[in-house]
Amino acid sequence: MIRNSLAVAWKDLLIVLKDKGALAVYFLMPLLFASLLGIAFGGTSSDETTIEINVLLVNQDSGAYGQMLADGLKGAEVLIVEDLADAALADQRVAVGDAAAAVVIPADFTAKIDVGEPVEVTIIKDPTQQEAASIVAGITNQAMAEIGMLGELRYGIHAVMVQAPDFNQAPPELRQAVEAQTLGVIWTQVQEMRQNPVVAVKDEAVSGTEELQPWDPITYYIPSFTVAFAFFLVGQMAATLLREKEEGTFRRLMSSPMPRSAVIGGKVLAYMGIVFLQVIVMFTVGYALFKMPLGESPLALLLLTVALALASASLGMLLGALCRTSQQADRLGMVLGFVLLALGGSIMPLFRAEGFIGIVSRLTPSAWGIEAYMGLVADNWNLARTAPNILALLGFAVVFFAIAVWRFKYE
Amino acid sequence: MNALSVAFKDLLLLLKDRGQILLLFLVPIGFIMAFSAAFSASEALEEQVITVPVVNLDPGGEMSALLLHNLNDDRGLQTQDYDQARVEADLKDETIKLALTIPANFSADVQDGTQTTLRLIYGPAASSSEVQAVQLVVDGVAADLSLETQLVDGLSQMGAMMADAPPDVQVFTAERIKGQAESQFERAKETPLVALSAKWPDQITMNREDFSPSTFSVAGFAVMFAFLTAQATATSIFGEKKEGTFRRLLAAPLGKWELLVGKMLPNFFVAILQMVIIFAASMVLLPLIGMDAPTLGHSPLGLILIAILVALCSTSLGILLAALCRTESQVGGVSSVVLWVAGMVGGAFIPAFVLGDFLNTIGKAVPHYWALQAYNDLTIRGLGVADILPELGILAGFVAVFFVIGLLRFKFD
């Protein structure tokens with residue numbers, strides 16, 4: 001029985017592995033997606049960033065603060081800043097997509113800050129490049145925070161000095177000199193304080209717990225796309241099953257001296273094998289190319305993969321049992337694959353959300369798989385913590401199998 | 001015309017095939033719904049409030065009260081008083097994930113300017129993203145607190161430096177400084193001295209009162225899926241060849257190009273219908289899950305022209321695929337990958353600045369890019385047909401290239 005199952009399994013495995021198209025879809029595509037998203041979302045926090053965003057700068061202010069803001073923007077590595085004199089022209093250029101955003105510094109910027117009056121800088125965003133424009137806004141806000149602080153300080157010093165009766169009678173140059181000198185001293189102090197804040201914040205693990213690594217998006221996307229594409233196999237499995245029926249090879253297998261369960265069992269084993277291969281390929285590339293950690297519990301990783309493989313293969317069986325033609329299975333499989341990808345949380349951890357979406361996400365086997373893999377590689381879960389997810393996946397597998405067995409037609 | 005008869009036959013086959021209809025229309029709609037829901041949920045995720053147990057060993061202190069107040073002030077955190085005795089045990093048995101400890105002399109130390117440390121302890125139940133998120137907020141609040149007190153401190157020092165000066169020159173007295181600083185900090189909370197205000201280009205919002213572009217590109221996915229029908233065309237041709245009905249068609253008194261055009265027509269209509277349904281469905285369904293409906297611009301003629309050209313481009317690509325692919329797996333698998341990569345590089349669902357210069361340049365060699373530019377020009381930039389003629393021309397060029405090469409390389413046997 002075992003030998004027969006293995007023989008069938010080997011046959012099915014070879015059929016898939018020799019199919020270059022299948023290889024492209026089940027191995028190459030998840031790699032592509034995971035790498036692209038991992039680089040995209042991880043690149044903004046790493047040192048070597050290749051992101052470049054075009055920004056137009058209209059500095060209508062002739063004072064020191066305008067210059068400070070301009071310098072702040074030009075100093076940002078990710079921004080390519082072009083100076084423009086005309087705000088209307090900047091507006092037009094952003095409208096046609098020439099730049100992701102334009103920052104307009106009004107003419108009274110420095111003047112207003114000097115007298116402590118609130119002032120606004122405008123950012124014009126390109127609606128077709130909203131993510132890039134948001135990054136520009138973030139950088140601009142950071143630069144402005146410095147200026148805000150400096151402005152408040154100067155204003156504060158001036159306001160206090162003016163309260164001294166003698167001060168107003170001193171000649172203007174003297175007043176300015178004193179203010180500037182005070183500002184200089186205080187600004188230096190502020191910089192020092194920034195370096196050595198009085199209140200520090202330190203994170204530490206409670207005794208007996210492993211230290212956490214900083215979160216790297218690739219530790220999310222490699223597992224999440226592995227799980228998503230493990231479920232894309234479902235359509236393929238069901239389709240080949242039905243195709244065998246359509247072409248008559250299934251009947252021949254049934255009439256051979258093999259027990260029926262061996263035929264089905266063999267197919268299940270084959271597709272479980274493919275899921276294993278997917279996990280191995282994805283995680284190896286993740287580890288080698290992206291330095292993705294592999295976690296502390298290889299046993300949990302192994303058991304989780306077995307559970308994932310069972311869930312995927314059993315869903316394939318279910319689809320094969322319910323569909324009537326191989327074409328139907330192919331298409332439903334694709335629909336199912338996409339739905340599980342989106343809802344299971346391959347792009348975003350929806351299973352962490354509260355409310356309706358969170359519940360729906362947790363109804364998919366993918367969500368349990370993704371959560372567990374990420375826990376293992378990013379948060380050093382041990383077997384005990386992974387157990388609920390493994391059991392959930394096994395539970396799905398049992399249900400899928402049961403329905404499949406009930407509805408499967410051996411004809 | 002004979003081509004029409006071939007087309008009609010295929011169209012009938014298609015209409016009877018419920019599975020195909022399901023795939024062609026429901027998949028992209030489902031996809032868009034799922035992705036939009038995912039995007040809106042992710043915003044909800046970011047707004048979720050994290051509860052942080054706090055062990056306050058400085059209960060009467062002014063500074064610790066201020067710290068707690070600021071932490072709870074609209075930053076996505078909510079603090080919860082916790083008993084020091086229980087913290088370590090509760091962390092270990094995963095009743096709580098993390099805890100913040102305010103040390104005993106916190107207020108005194110801060111007011112003195114003595115270095116003090118807040119400890120954020122996490123247990124096995126915590127995930128690194130949660131710890132990082134909380135630490136970021138606490139860092140920010142602590143930094144502000146430090147600055148406020150250090151500043152007043154610094155100014156007071158200045159006052160002390162000038163204490164030897166005659167009283168009427170003494171400007172920086174303690175009360176004046178504190179008073180000034182406090183009034184400024186109060187004001188700054190209401191209206192910061194410098195603020196950033198964002199807006200869309202006037203050029204675009206000119207005649208449109210309620211212009212609000214969704215952050216999610218319906219056009220991107222519509223174009224993506226329209227091009228995926230190329231695969232359907234190729235598969236159907238392949239299927240016919242396999243079953244031998246293709247040879248029978250060849251034996252009929254039909255010109256070869258008539259045969260190909262006949263094969264293209266049904267898929268052309270399907271592609272157009274698909275795009276119409278996707279846009280219409282998004283306009284109705286997206287608002288239901290709380291997102292903005294996509295704007296359609298002023299030029300329906302332009303939209304129709306783009307749809308026609310994208311559909312033509314997709315079907316001629318289908319012919320090309322059928323001509324170039326030799327095996328079923330190439331038609332199914334390899335062309336899937338090619339079409340998805342083309343969509344990615346053409347900017348259908350990954351922002352241009354992420355792709356970088358190299359990929360963006362490659363993207364221009366892909367029809368998706370030009371179709372998207374044209375859609376964006378019409379719907380977001382509010383331009384007219386005249387403005388998108390260049391893009392339409394390029395799409396027409398793609399159609400010609402795909403069809404000619406497809407025709408030349410097509411193996412009719």
# chains A, B, ... in the order shown; residues from 1 in each chain; ligands from 1
>>> interface_residues(of="chain B", to="chain A", cutoff="6 Å", atoms="only C-alpha atoms", output="ChimeraX atom specification")
/B:19,27,34,45,115-124,127-129,142,146,171,193-201,329-330,333-334,354
>>> write_last_selection(atoms="N, CA and C atoms", output="mmCIF file, in the first residue's frame")
data_model
loop_
_atom_site.group_PDB
_atom_site.id
_atom_site.type_symbol
_atom_site.label_atom_id
_atom_site.label_comp_id
_atom_site.auth_asym_id
_atom_site.auth_seq_id
_atom_site.Cartn_x
_atom_site.Cartn_y
_atom_site.Cartn_z
ATOM 1 N N GLY B 19 -18.233 28.737 -16.336
ATOM 2 C CA GLY B 19 -16.979 28.834 -15.587
ATOM 3 C C GLY B 19 -16.098 29.957 -16.120
ATOM 4 N N VAL B 27 -13.438 37.156 -10.941
ATOM 5 C CA VAL B 27 -12.095 37.168 -10.355
ATOM 6 C C VAL B 27 -11.557 38.581 -10.202
ATOM 7 N N ALA B 34 -11.188 42.483 -2.545
ATOM 8 C CA ALA B 34 -10.333 41.972 -1.478
ATOM 9 C C ALA B 34 -9.182 42.927 -1.209
ATOM 10 N N LEU B 45 -5.836 49.106 11.002
ATOM 11 C CA LEU B 45 -4.792 48.511 11.828
ATOM 12 C C LEU B 45 -3.906 49.582 12.428
ATOM 13 N N GLN B 115 20.186 62.143 34.363
ATOM 14 C CA GLN B 115 19.780 61.102 33.414
ATOM 15 C C GLN B 115 18.935 60.034 34.096
ATOM 16 N N THR B 116 17.824 59.710 33.478
ATOM 17 C CA THR B 116 16.979 58.651 34.022
ATOM 18 C C THR B 116 16.450 57.809 32.866
ATOM 19 N N THR B 117 16.113 56.551 33.135
ATOM 20 C CA THR B 117 15.719 55.656 32.039
ATOM 21 C C THR B 117 14.362 55.024 32.255
ATOM 22 N N LEU B 118 13.528 55.077 31.214
ATOM 23 C CA LEU B 118 12.261 54.346 31.220
ATOM 24 C C LEU B 118 12.527 52.971 30.630
ATOM 25 N N ARG B 119 12.028 51.942 31.308
ATOM 26 C CA ARG B 119 12.268 50.598 30.793
ATOM 27 C C ARG B 119 11.002 50.019 30.159
ATOM 28 N N LEU B 120 11.152 49.533 28.932
ATOM 29 C CA LEU B 120 10.048 48.884 28.260
ATOM 30 C C LEU B 120 10.387 47.402 28.217
ATOM 31 N N ILE B 121 9.674 46.630 29.048
ATOM 32 C CA ILE B 121 9.998 45.203 29.147
ATOM 33 C C ILE B 121 8.980 44.415 28.339
ATOM 34 N N TYR B 122 9.455 43.452 27.556
ATOM 35 C CA TYR B 122 8.516 42.631 26.796
ATOM 36 C C TYR B 122 8.686 41.159 27.135
ATOM 37 N N GLY B 123 7.590 40.440 26.982
ATOM 38 C CA GLY B 123 7.605 39.018 27.296
ATOM 39 C C GLY B 123 7.491 38.191 26.030
ATOM 40 N N PRO B 124 7.409 36.877 26.159
ATOM 41 C CA PRO B 124 7.373 36.013 24.993
ATOM 42 C C PRO B 124 6.170 36.233 24.079
ATOM 43 N N SER B 127 5.335 40.747 19.857
ATOM 44 C CA SER B 127 5.970 40.627 18.547
ATOM 45 C C SER B 127 6.857 41.849 18.338
ATOM 46 N N SER B 128 7.868 41.688 17.498
ATOM 47 C CA SER B 128 8.824 42.794 17.363
ATOM 48 C C SER B 128 8.172 44.041 16.789
ATOM 49 N N SER B 129 7.158 43.849 15.915
ATOM 50 C CA SER B 129 6.552 45.062 15.359
ATOM 51 C C SER B 129 5.790 45.834 16.441
ATOM 52 N N ALA B 142 9.048 60.994 25.383
ATOM 53 C CA ALA B 142 10.154 61.208 26.316
ATOM 54 C C ALA B 142 11.064 62.317 25.822
ATOM 55 N N SER B 146 11.892 65.705 27.765
ATOM 56 C CA SER B 146 13.278 66.073 28.070
ATOM 57 C C SER B 146 13.530 67.497 27.625
ATOM 58 N N VAL B 171 17.270 90.106 33.242
ATOM 59 C CA VAL B 171 16.123 89.850 32.375
ATOM 60 C C VAL B 171 15.569 88.442 32.604
ATOM 61 N N LEU B 193 3.859 76.561 15.440
ATOM 62 C CA LEU B 193 4.393 77.747 14.783
ATOM 63 C C LEU B 193 4.512 77.531 13.274
ATOM 64 N N VAL B 194 5.018 76.359 12.893
ATOM 65 C CA VAL B 194 5.078 76.045 11.462
ATOM 66 C C VAL B 194 4.280 74.777 11.195
ATOM 67 N N ALA B 195 3.432 74.834 10.180
ATOM 68 C CA ALA B 195 2.608 73.670 9.863
ATOM 69 C C ALA B 195 2.663 73.412 8.365
ATOM 70 N N LEU B 196 2.393 72.156 8.006
ATOM 71 C CA LEU B 196 2.394 71.773 6.596
ATOM 72 C C LEU B 196 0.972 71.518 6.160
ATOM 73 N N SER B 197 0.543 72.194 5.103
ATOM 74 C CA SER B 197 -0.801 71.905 4.618
ATOM 75 C C SER B 197 -0.704 71.299 3.222
ATOM 76 N N ALA B 198 -1.451 70.213 3.011
ATOM 77 C CA ALA B 198 -1.337 69.474 1.752
ATOM 78 C C ALA B 198 -2.527 69.750 0.853
ATOM 79 N N LYS B 199 -2.275 69.730 -0.446
ATOM 80 C CA LYS B 199 -3.398 69.892 -1.360
ATOM 81 C C LYS B 199 -3.069 69.248 -2.702
ATOM 82 N N TRP B 200 -4.102 69.021 -3.479
ATOM 83 C CA TRP B 200 -3.911 68.524 -4.847
ATOM 84 C C TRP B 200 -3.667 69.717 -5.760
ATOM 85 N N PRO B 201 -3.043 69.506 -6.924
ATOM 86 C CA PRO B 201 -2.771 70.631 -7.808
ATOM 87 C C PRO B 201 -4.067 71.350 -8.219
ATOM 88 N N SER B 329 2.019 24.101 -21.353
ATOM 89 C CA SER B 329 2.551 24.692 -20.134
ATOM 90 C C SER B 329 3.088 26.091 -20.398
ATOM 91 N N GLN B 330 3.594 26.302 -21.607
ATOM 92 C CA GLN B 330 4.070 27.651 -21.918
ATOM 93 C C GLN B 330 2.903 28.620 -21.964
ATOM 94 N N GLY B 333 1.520 28.530 -17.893
ATOM 95 C CA GLY B 333 2.376 29.033 -16.825
ATOM 96 C C GLY B 333 3.264 30.199 -17.206
ATOM 97 N N VAL B 334 4.079 29.988 -18.247
ATOM 98 C CA VAL B 334 5.057 31.015 -18.587
ATOM 99 C C VAL B 334 4.383 32.325 -18.964
ATOM 100 N N VAL B 354 9.115 53.077 -6.315
ATOM 101 C CA VAL B 354 9.655 51.850 -5.741
ATOM 102 C C VAL B 354 10.421 51.067 -6.791
#
>>> residues_around(residues="stretch 234-242 of chain A", least_positions_apart="3", cutoff="10 Å", atoms="only C-alpha atoms", output="number ranges by chain")
A: 12, 15-16, 22, 229-231, 245-250, 264, 267-268, 270-271, 311-337
>>> residues_around(residues="stretch 258-267 of chain B", least_positions_apart="2", cutoff="7 Å", atoms="only C-alpha atoms", output="PyMOL selection string")
chain B and resi 2-4+6-7+10-11+233+254-256+269-271+315
>>> select_by_dssp(residues="stretch 38-92 of chain B", states="helix (DSSP H, G or I)", output="list in words")
Ala38, Phe39, Ser40, Ala41, Ser42, Glu43, Ala44, Leu45, Glu46, Glu47, Glu62, Met63, Ser64, Ala65, Leu66, Leu67, Leu68, His69, Asn70, Leu71, Gln84, Ala85, Arg86, Val87, Glu88, Ala89, Asp90, Leu91 and Lys92 of chain B
>>> select_by_dssp(residues="stretch 42-126 of chain A", states="strand (DSSP E or B)", output="list in words")
Ile53, Asn54, Val55, Leu56, Leu57, Val58, Asn59, Leu79, Ile80, Val81, Glu82, Asp83, Leu84, Ala101, Ala102, Val103, Val104, Ile105, Val119, Glu120, Val121, Thr122, Ile123, Ile124 and Lys125 of chain A
>>> write_last_selection(atoms="N, CA and C atoms", output="PDB file, in the first residue's frame")
ATOM      1  N   ILE A  53      12.978  60.316  -5.331  1.00  0.00           N
ATOM      2  CA  ILE A  53      11.688  60.962  -5.577  1.00  0.00           C
ATOM      3  C   ILE A  53      11.930  62.393  -6.038  1.00  0.00           C
ATOM      4  N   ASN A  54      11.257  62.767  -7.131  1.00  0.00           N
ATOM      5  CA  ASN A  54      11.421  64.126  -7.658  1.00  0.00           C
ATOM      6  C   ASN A  54      10.529  65.108  -6.926  1.00  0.00           C
ATOM      7  N   VAL A  55      11.137  66.210  -6.465  1.00  0.00           N
ATOM      8  CA  VAL A  55      10.391  67.236  -5.741  1.00  0.00           C
ATOM      9  C   VAL A  55      10.712  68.605  -6.326  1.00  0.00           C
ATOM     10  N   LEU A  56       9.679  69.442  -6.449  1.00  0.00           N
ATOM     11  CA  LEU A  56       9.911  70.819  -6.886  1.00  0.00           C
ATOM     12  C   LEU A  56       9.865  71.719  -5.658  1.00  0.00           C
ATOM     13  N   LEU A  57      10.787  72.668  -5.571  1.00  0.00           N
ATOM     14  CA  LEU A  57      10.821  73.553  -4.412  1.00  0.00           C
ATOM     15  C   LEU A  57      10.640  74.994  -4.859  1.00  0.00           C
ATOM     16  N   VAL A  58       9.599  75.644  -4.326  1.00  0.00           N
ATOM     17  CA  VAL A  58       9.402  77.063  -4.619  1.00  0.00           C
ATOM     18  C   VAL A  58       9.628  77.831  -3.326  1.00  0.00           C
ATOM     19  N   ASN A  59      10.793  78.445  -3.217  1.00  0.00           N
ATOM     20  CA  ASN A  59      11.117  79.167  -1.992  1.00  0.00           C
ATOM     21  C   ASN A  59      10.916  80.654  -2.212  1.00  0.00           C
ATOM     22  N   LEU A  79      15.444  62.455  -1.898  1.00  0.00           N
ATOM     23  CA  LEU A  79      14.781  63.476  -2.694  1.00  0.00           C
ATOM     24  C   LEU A  79      15.701  64.064  -3.746  1.00  0.00           C
ATOM     25  N   ILE A  80      15.159  64.268  -4.935  1.00  0.00           N
ATOM     26  CA  ILE A  80      15.878  65.018  -5.972  1.00  0.00           C
ATOM     27  C   ILE A  80      15.141  66.338  -6.099  1.00  0.00           C
ATOM     28  N   VAL A  81      15.744  67.418  -5.597  1.00  0.00           N
ATOM     29  CA  VAL A  81      15.047  68.689  -5.490  1.00  0.00           C
ATOM     30  C   VAL A  81      15.390  69.606  -6.648  1.00  0.00           C
ATOM     31  N   GLU A  82      14.333  70.160  -7.260  1.00  0.00           N
ATOM     32  CA  GLU A  82      14.569  71.145  -8.325  1.00  0.00           C
ATOM     33  C   GLU A  82      13.967  72.469  -7.890  1.00  0.00           C
ATOM     34  N   ASP A  83      14.759  73.541  -7.999  1.00  0.00           N
ATOM     35  CA  ASP A  83      14.260  74.857  -7.595  1.00  0.00           C
ATOM     36  C   ASP A  83      13.417  75.476  -8.693  1.00  0.00           C
ATOM     37  N   LEU A  84      12.305  76.069  -8.297  1.00  0.00           N
ATOM     38  CA  LEU A  84      11.462  76.774  -9.251  1.00  0.00           C
ATOM     39  C   LEU A  84      11.092  78.114  -8.666  1.00  0.00           C
ATOM     40  N   ALA A 101       5.719  65.782  -5.899  1.00  0.00           N
ATOM     41  CA  ALA A 101       5.157  66.834  -5.054  1.00  0.00           C
ATOM     42  C   ALA A 101       5.927  68.123  -5.248  1.00  0.00           C
ATOM     43  N   ALA A 102       5.298  69.228  -4.849  1.00  0.00           N
ATOM     44  CA  ALA A 102       5.984  70.515  -4.863  1.00  0.00           C
ATOM     45  C   ALA A 102       5.814  71.142  -3.483  1.00  0.00           C
ATOM     46  N   VAL A 103       6.901  71.692  -2.944  1.00  0.00           N
ATOM     47  CA  VAL A 103       6.834  72.337  -1.634  1.00  0.00           C
ATOM     48  C   VAL A 103       6.951  73.837  -1.840  1.00  0.00           C
ATOM     49  N   VAL A 104       5.952  74.577  -1.348  1.00  0.00           N
ATOM     50  CA  VAL A 104       5.953  76.030  -1.545  1.00  0.00           C
ATOM     51  C   VAL A 104       6.151  76.731  -0.212  1.00  0.00           C
ATOM     52  N   ILE A 105       7.247  77.481  -0.090  1.00  0.00           N
ATOM     53  CA  ILE A 105       7.533  78.231   1.135  1.00  0.00           C
ATOM     54  C   ILE A 105       7.093  79.665   0.902  1.00  0.00           C
ATOM     55  N   VAL A 119       2.635  80.034  10.758  1.00  0.00           N
ATOM     56  CA  VAL A 119       2.731  80.179   9.311  1.00  0.00           C
ATOM     57  C   VAL A 119       2.645  78.790   8.674  1.00  0.00           C
ATOM     58  N   GLU A 120       2.178  78.736   7.430  1.00  0.00           N
ATOM     59  CA  GLU A 120       1.983  77.439   6.770  1.00  0.00           C
ATOM     60  C   GLU A 120       2.842  77.267   5.550  1.00  0.00           C
ATOM     61  N   VAL A 121       3.383  76.082   5.392  1.00  0.00           N
ATOM     62  CA  VAL A 121       4.078  75.706   4.153  1.00  0.00           C
ATOM     63  C   VAL A 121       3.130  74.772   3.402  1.00  0.00           C
ATOM     64  N   THR A 122       3.063  74.934   2.095  1.00  0.00           N
ATOM     65  CA  THR A 122       2.123  74.112   1.331  1.00  0.00           C
ATOM     66  C   THR A 122       2.848  73.032   0.558  1.00  0.00           C
ATOM     67  N   ILE A 123       2.280  71.832   0.575  1.00  0.00           N
ATOM     68  CA  ILE A 123       2.812  70.777  -0.281  1.00  0.00           C
ATOM     69  C   ILE A 123       1.730  70.389  -1.282  1.00  0.00           C
ATOM     70  N   ILE A 124       2.083  70.436  -2.558  1.00  0.00           N
ATOM     71  CA  ILE A 124       1.143  70.065  -3.612  1.00  0.00           C
ATOM     72  C   ILE A 124       1.470  68.640  -4.020  1.00  0.00           C
ATOM     73  N   LYS A 125       0.504  67.729  -3.851  1.00  0.00           N
ATOM     74  CA  LYS A 125       0.792  66.314  -4.111  1.00  0.00           C
ATOM     75  C   LYS A 125       0.213  65.862  -5.446  1.00  0.00           C
TER      76      LYS A 125
END
>>> atom_distance(atom1="atom CA of B:Pro103", atom2="atom CA of B:Pro59")
9.8 Å
>>> residues_around(residues="B:Leu273", least_positions_apart="5", cutoff="12 Å", atoms="only C-alpha atoms", output="number ranges by chain")
B: 21, 24-25, 222, 225-226, 229, 266-268, 278-281, 304, 307-308, 310-311
>>> write_last_selection(atoms="N, CA and C atoms", output="mmCIF file, in the first residue's frame")
data_model
loop_
_atom_site.group_PDB
_atom_site.id
_atom_site.type_symbol
_atom_site.label_atom_id
_atom_site.label_comp_id
_atom_site.auth_asym_id
_atom_site.auth_seq_id
_atom_site.Cartn_x
_atom_site.Cartn_y
_atom_site.Cartn_z
ATOM 1 N N ILE B 21 -17.064 32.592 -17.685
ATOM 2 C CA ILE B 21 -17.653 33.881 -17.344
ATOM 3 C C ILE B 21 -17.292 34.240 -15.906
ATOM 4 N N LEU B 24 -13.689 35.375 -15.865
ATOM 5 C CA LEU B 24 -13.371 36.642 -16.505
ATOM 6 C C LEU B 24 -13.908 37.851 -15.758
ATOM 7 N N PHE B 25 -15.041 37.693 -15.110
ATOM 8 C CA PHE B 25 -15.596 38.882 -14.468
ATOM 9 C C PHE B 25 -15.490 38.869 -12.956
ATOM 10 N N ALA B 222 -7.792 46.974 -13.678
ATOM 11 C CA ALA B 222 -8.626 46.736 -14.866
ATOM 12 C C ALA B 222 -7.739 46.439 -16.060
ATOM 13 N N PHE B 225 -6.066 42.940 -15.700
ATOM 14 C CA PHE B 225 -6.926 41.799 -16.017
ATOM 15 C C PHE B 225 -7.327 41.769 -17.474
ATOM 16 N N ALA B 226 -7.474 42.959 -18.088
ATOM 17 C CA ALA B 226 -7.812 42.977 -19.515
ATOM 18 C C ALA B 226 -6.708 42.282 -20.294
ATOM 19 N N THR B 229 -6.647 38.482 -20.374
ATOM 20 C CA THR B 229 -7.522 37.739 -21.293
ATOM 21 C C THR B 229 -6.746 37.287 -22.523
ATOM 22 N N PRO B 266 -14.434 37.605 -30.346
ATOM 23 C CA PRO B 266 -15.136 37.372 -29.075
ATOM 24 C C PRO B 266 -14.329 37.846 -27.885
ATOM 25 N N ASN B 267 -13.025 37.572 -27.928
ATOM 26 C CA ASN B 267 -12.231 37.990 -26.790
ATOM 27 C C ASN B 267 -12.103 39.501 -26.712
ATOM 28 N N PHE B 268 -12.178 40.144 -27.867
ATOM 29 C CA PHE B 268 -12.178 41.595 -27.879
ATOM 30 C C PHE B 268 -13.390 42.114 -27.115
ATOM 31 N N ILE B 278 -15.768 46.115 -14.528
ATOM 32 C CA ILE B 278 -14.878 46.378 -13.403
ATOM 33 C C ILE B 278 -15.027 47.808 -12.923
ATOM 34 N N PHE B 279 -15.030 48.755 -13.864
ATOM 35 C CA PHE B 279 -15.173 50.146 -13.431
ATOM 36 C C PHE B 279 -16.526 50.380 -12.785
ATOM 37 N N ALA B 280 -17.586 49.863 -13.440
ATOM 38 C CA ALA B 280 -18.920 50.076 -12.894
ATOM 39 C C ALA B 280 -19.040 49.460 -11.512
ATOM 40 N N ALA B 281 -18.549 48.224 -11.390
ATOM 41 C CA ALA B 281 -18.649 47.543 -10.099
ATOM 42 C C ALA B 281 -17.878 48.305 -9.027
ATOM 43 N N ILE B 304 -13.774 55.291 -23.697
ATOM 44 C CA ILE B 304 -14.159 54.234 -24.637
ATOM 45 C C ILE B 304 -13.006 53.915 -25.568
ATOM 46 N N ALA B 307 -10.461 51.853 -23.828
ATOM 47 C CA ALA B 307 -10.945 50.485 -23.639
ATOM 48 C C ALA B 307 -10.814 49.696 -24.929
ATOM 49 N N ILE B 308 -11.180 50.326 -26.049
ATOM 50 C CA ILE B 308 -11.102 49.626 -27.333
ATOM 51 C C ILE B 308 -9.663 49.254 -27.647
ATOM 52 N N VAL B 310 -7.091 48.945 -25.599
ATOM 53 C CA VAL B 310 -6.545 47.936 -24.677
ATOM 54 C C VAL B 310 -7.068 46.559 -25.056
ATOM 55 N N ALA B 311 -8.363 46.511 -25.399
ATOM 56 C CA ALA B 311 -8.942 45.215 -25.771
ATOM 57 C C ALA B 311 -8.277 44.684 -27.040
#
>>> closest_residue(among="B:Leu407, B:Ile277, B:Val385, B:Ile350", to="B:Leu26", atoms="only C-alpha atoms")
B:Ile277
>>> atom_distance(atom1="atom CA of B:Gly363", atom2="atom CA of B:Gln274")
23.6 Å
>>> atom_distance(atom1="atom CA of B:Ala104", atom2="atom CA of B:Val54")
12.9 Å
